[in-house]
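Read the structure below first, then the notes.
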Amino acid sequence: MSEAKEAAAAPKRVESDVYDRQIRLWGADAQRKMSSARVLYVHITGVSSEILKNLVLAGIRAAICDGRPYPSAVASMPSSFLPPADRSGGDNENAATANGDKSDPPAKKARPATVASAMHPHVVELNPLLDGCEINESLVEDVPDEYFAKFDIVVASHIGMEQARRIAKATVASGNKFILVDTFGLEGCAMLDLGPDHQFRKELGKDKLSDVMKNEPYVSFADMLDVPLADATARWDKVPPKVYTKYRSYLEYHAKSGTWPGEDNASDYVEQTKKWLADSKIVSEDYLGDDDTLNHTASVATCEVSPVCAVLGGMIGNEVIKAISGKADPANNILMFDGADGGCRIFFLKKKA
């Protein structure tokens with residue numbers, strides 16, 4: 001039988017079959033909302049690619065905005081989408097020579113120019129039931145606010161505070177939701193702005209939901225960024241959580257220097273971070289460790305570890321599903337993960353009166 005006839009004879013995959021387990025878990029109404037939603041991923045990183053994978057498999061359409069050059073922008077990124085050989089310049093010519101084949105090497109496919117174009121075929125292949133994957137190959141700073149406003153949820157990663165603030169404002173102003181998430185070494189942190197009007201129903205038991213509730217108190221993403229470190233405390237947190245403090249130190253350094261911490265600028269990061277901590281008036285300059293520890297902290301600022309990306313990516317994926325379906329309590333408004341002990345916790349960030 002020819003391939004065409006075999007394809008025609010094969011049983012058709014329909015949504016009710018593919019998403020049967022999800023429909024049993026979340027309900028048909030939640031699945032319908034997920035199927036009509038669109039999530040935009042601004043910059044593909046190890047953790048955002050995990051979120052993308054989980055949600056595309058769940059039937060949520062993806063769009064990618066990442067005009068960074070490929071493969072240099074993702075050369076060290078852990079990813080199940082982009083094999084290391086594809087990102088390191090591996091080609092058919094070397095394989096043919098290794099096998100003793102001296103004939104002309106096969107023609108190479110043109111390498112994608114951007115991360116978005118490199119990801120596109122892999123995302124489309126992941127779930128053929130979805131209607132493709134929109135890509136935007138512009139640099140983030142060149143994308144107008146109106147573009148972000150058309151997506152139900154925007155998940156951003158590895159962007160500075162200025163662009164994050166702009167994108168969050170444009171997204172939430174249109175009634176949608178914004179999440180900033182990153183991992184660094186064995187830790188990760190996410191900041192969630194679900195908007196002032198987000199409503200949900202709490203799960204009270206099997207097939208039983210509460211009346212509609214509002215996500216309160218609400219703090220916008222911009223207001224979260226404006227909360228001084230001294231106010232990042234709570235009843236059980238007399239000092240700011242270290243995972244959040246570390247993440248905020250990266251964002252603060254990027255805002256001042258225009259670059260992320262790393263081995264090359266570790267000494268400058270150490271100096272600026274110690275001053276930032278001391279100026280907070282709530283912790284000492286060695287709150288995140290001595291100079292050697294801070295040098296290590298700088299070196300892992302953009303270092304992603306696959307298991308950490310997978311765990312935090314799974315949790316953020318779950319938050320996206322809760323936000324779309326309106327079921328279960330959402331995380332409000334900081335989510336932190338520490339891979340050293342496997343602990344994940346929610347922290348509410350707000351400015352003290």
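Identifiers for the structure tokens are assigned positionally: chains receive A, B, ... in sequence, residues are indexed from 1 per chain, and ligands are indexed from 1 in the order shown.
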
- Message: At a cut-off of 9 Å, using only C-alpha atoms, what residues contact Phe184 (chain A)? Leave out same-chain residues fewer than 4 positions from it and give the result as a ChimeraX atom specification.
- Response: /A:188-189,247,297,300-305,308

Quick one: residues within 9 Å of region 118-130 of chain A, only C-alpha atoms, excluding same-chain residues fewer than 6 positions away - as a CSV table (one decimal) with C-alpha atoms, in the first residue's frame?
chain,number,residue,atom,x,y,z
A,13,ARG,CA,-6.7,12.1,15.4
A,14,VAL,CA,-9.3,14.4,16.9
A,15,GLU,CA,-9.2,16.7,19.9
A,35,SER,CA,-7.9,25.6,22.7
A,44,ILE,CA,13.2,31.2,24.2
A,52,LEU,CA,6.0,26.1,25.6
A,53,LYS,CA,6.4,22.3,25.3
A,56,VAL,CA,1.5,23.1,23.2
A,57,LEU,CA,1.1,19.5,24.1
A,58,ALA,CA,-1.9,20.5,26.2
A,59,GLY,CA,-3.5,22.2,23.1
A,60,ILE,CA,-2.6,25.8,23.7
A,61,ARG,CA,-1.4,27.7,20.6
A,62,ALA,CA,2.1,29.3,20.8
A,63,ALA,CA,3.7,32.3,19.2
A,64,ILE,CA,7.3,33.2,19.5
A,70,TYR,CA,20.8,31.7,16.0
A,71,PRO,CA,22.6,29.7,17.2
A,81,PHE,CA,13.7,21.4,20.8
A,82,LEU,CA,17.1,22.4,19.5
A,111,ARG,CA,20.6,27.6,8.8
A,112,PRO,CA,17.8,29.7,10.4

Excluding same-chain residues fewer than 4 positions from Glu146 (chain A), what lies within 12 Å of it counting only C-alpha atoms, as a PDB file with N, CA, C and O atoms, in the first residue's frame?
ATOM      1  N   ASP A 142      12.182  46.481  19.286  1.00  0.00           N
ATOM      2  CA  ASP A 142      11.594  47.008  18.053  1.00  0.00           C
ATOM      3  C   ASP A 142      10.134  46.604  17.862  1.00  0.00           C
ATOM      4  O   ASP A 142       9.491  47.031  16.887  1.00  0.00           O
ATOM      5  N   LYS A 150      -2.292  41.579  21.797  1.00  0.00           N
ATOM      6  CA  LYS A 150      -3.248  40.672  21.161  1.00  0.00           C
ATOM      7  C   LYS A 150      -3.168  39.237  21.673  1.00  0.00           C
ATOM      8  O   LYS A 150      -3.928  38.380  21.226  1.00  0.00           O
ATOM      9  N   PHE A 151      -2.272  38.955  22.640  1.00  0.00           N
ATOM     10  CA  PHE A 151      -2.131  37.596  23.164  1.00  0.00           C
ATOM     11  C   PHE A 151      -2.749  37.482  24.552  1.00  0.00           C
ATOM     12  O   PHE A 151      -2.699  38.419  25.350  1.00  0.00           O
ATOM     13  N   ARG A 166       7.518  47.543  30.034  1.00  0.00           N
ATOM     14  CA  ARG A 166       6.756  47.992  28.861  1.00  0.00           C
ATOM     15  C   ARG A 166       5.809  46.915  28.366  1.00  0.00           C
ATOM     16  O   ARG A 166       4.624  47.167  28.102  1.00  0.00           O
ATOM     17  N   ILE A 167       6.312  45.684  28.246  1.00  0.00           N
ATOM     18  CA  ILE A 167       5.492  44.589  27.722  1.00  0.00           C
ATOM     19  C   ILE A 167       4.358  44.261  28.684  1.00  0.00           C
ATOM     20  O   ILE A 167       3.214  44.021  28.272  1.00  0.00           O
ATOM     21  N   ALA A 168       4.656  44.245  29.977  1.00  0.00           N
ATOM     22  CA  ALA A 168       3.623  43.955  30.974  1.00  0.00           C
ATOM     23  C   ALA A 168       2.520  44.994  30.929  1.00  0.00           C
ATOM     24  O   ALA A 168       1.328  44.663  30.988  1.00  0.00           O
ATOM     25  N   LYS A 169       2.892  46.259  30.803  1.00  0.00           N
ATOM     26  CA  LYS A 169       1.891  47.331  30.762  1.00  0.00           C
ATOM     27  C   LYS A 169       0.981  47.171  29.552  1.00  0.00           C
ATOM     28  O   LYS A 169      -0.251  47.285  29.663  1.00  0.00           O
ATOM     29  N   ALA A 170       1.581  46.900  28.384  1.00  0.00           N
ATOM     30  CA  ALA A 170       0.792  46.751  27.165  1.00  0.00           C
ATOM     31  C   ALA A 170      -0.114  45.525  27.229  1.00  0.00           C
ATOM     32  O   ALA A 170      -1.265  45.561  26.771  1.00  0.00           O
ATOM     33  N   THR A 171       0.384  44.451  27.805  1.00  0.00           N
ATOM     34  CA  THR A 171      -0.373  43.203  27.876  1.00  0.00           C
ATOM     35  C   THR A 171      -1.548  43.314  28.838  1.00  0.00           C
ATOM     36  O   THR A 171      -2.690  42.983  28.504  1.00  0.00           O
ATOM     37  N   VAL A 172      -1.277  43.783  30.040  1.00  0.00           N
ATOM     38  CA  VAL A 172      -2.310  43.836  31.082  1.00  0.00           C
ATOM     39  C   VAL A 172      -3.345  44.908  30.773  1.00  0.00           C
ATOM     40  O   VAL A 172      -4.531  44.753  31.078  1.00  0.00           O
ATOM     41  N   ALA A 173      -2.926  46.002  30.131  1.00  0.00           N
ATOM     42  CA  ALA A 173      -3.871  47.067  29.781  1.00  0.00           C
ATOM     43  C   ALA A 173      -4.948  46.579  28.825  1.00  0.00           C
ATOM     44  O   ALA A 173      -6.050  47.130  28.797  1.00  0.00           O
ATOM     45  N   SER A 174      -4.644  45.540  28.063  1.00  0.00           N
ATOM     46  CA  SER A 174      -5.629  44.985  27.128  1.00  0.00           C
ATOM     47  C   SER A 174      -6.441  43.855  27.758  1.00  0.00           C
ATOM     48  O   SER A 174      -7.177  43.150  27.066  1.00  0.00           O
TER      49      SER A 174
END

- Task: Point out the residue among A:Thr233, A:Asn176, A:Asn54, A:Gln31 with the least atom-to-atom distance to Leu312 (chain A), counting only C-alpha atoms.
- Result: A:Asn54

- Compile the contact shell of Tyr287 (chain A) as a PyMOL selection string: residues with an atom at most 9 Å away, counting only C-alpha atoms, same-chain residues fewer than 6 positions apart removed. chain A and resi 242+274+277-278

Just to be explicit: take each residue in the selection above, keep N, CA and C atoms, and write the result as a PDB file, in the first residue's frame.
ATOM      1  N   LYS A 242      15.975  34.845  49.749  1.00  0.00           N
ATOM      2  CA  LYS A 242      17.254  34.921  49.038  1.00  0.00           C
ATOM      3  C   LYS A 242      17.122  34.648  47.548  1.00  0.00           C
ATOM      4  N   LYS A 274      26.874  44.432  46.376  1.00  0.00           N
ATOM      5  CA  LYS A 274      27.140  44.697  47.794  1.00  0.00           C
ATOM      6  C   LYS A 274      26.635  46.089  48.181  1.00  0.00           C
ATOM      7  N   LEU A 277      22.751  45.976  48.277  1.00  0.00           N
ATOM      8  CA  LEU A 277      22.279  45.306  49.493  1.00  0.00           C
ATOM      9  C   LEU A 277      22.438  46.211  50.710  1.00  0.00           C
ATOM     10  N   ALA A 278      23.589  46.859  50.817  1.00  0.00           N
ATOM     11  CA  ALA A 278      23.835  47.734  51.965  1.00  0.00           C
ATOM     12  C   ALA A 278      22.874  48.922  51.958  1.00  0.00           C
TER      13      ALA A 278
END

- Task: Rounded to one decimal place, report the CA of Ala353 (chain A)-CA of Asp231 (chain A) distance in Å.
- Result: 9.4 Å

- Message: Excluding Lys246 (chain A) and its own-chain neighbours fewer than 3 positions away, which residues fall within 12 Å of it when counting only C-alpha atoms? Please give them as a ChimeraX atom specification.
- Response: /A:182-189,229,240-243,249-253,261,269-270,273-274,276-277,287-289,293-294,296-298,300-301,336,338

- Message: For region 196-207 of chain A, find every residue with an atom within 6 Å (counting only C-alpha atoms), except residues of its own chain fewer than 5 positions away, and show them as a PyMOL selection string.
- Response: chain A and resi 212-215+326-329

- Task: Write out as an NGL selection string all residues of region 6-75 of chain A that DSSP puts in strand (DSSP E or B) for this structure's backbone.
- Result: :A and (38-42 or 61-65 or 69)

Mind dumping the selected residues with C-alpha atoms as a PDB file, in the first residue's frame?
ATOM      1  CA  ARG A  38      -2.766  32.041  22.502  1.00  0.00           C
ATOM      2  CA  VAL A  39       0.461  32.398  24.488  1.00  0.00           C
ATOM      3  CA  LEU A  40       3.362  34.520  23.280  1.00  0.00           C
ATOM      4  CA  TYR A  41       6.894  33.537  24.315  1.00  0.00           C
ATOM      5  CA  VAL A  42       9.291  36.477  24.352  1.00  0.00           C
ATOM      6  CA  ARG A  61      -1.388  27.682  20.621  1.00  0.00           C
ATOM      7  CA  ALA A  62       2.054  29.287  20.764  1.00  0.00           C
ATOM      8  CA  ALA A  63       3.654  32.316  19.167  1.00  0.00           C
ATOM      9  CA  ILE A  64       7.346  33.190  19.474  1.00  0.00           C
ATOM     10  CA  CYS A  65       8.972  36.619  19.514  1.00  0.00           C
ATOM     11  CA  PRO A  69      20.765  35.490  16.276  1.00  0.00           C
TER      12      PRO A  69
END

- Item | Distance in Å - CA of Ser267 (chain A) versus CA of Ser76 (chain A) |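 That distance, rounded to one decimal, is 22.7 Å.
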
- So which bits of region 54-238 of chain A end up helix (DSSP H, G or I) when you DSSP the backbone, as an NGL selection string? :A and (54-57 or 72-74 or 84-87 or 92-98 or 115-126 or 140-142 or 145-148 or 161-173 or 221-226 or 229-231)

- Item | Å distance separating CA of Glu263 (chain A) from CA of Ser299 (chain A), one decimal place |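 Between these atoms lies a distance of 4.9 Å.
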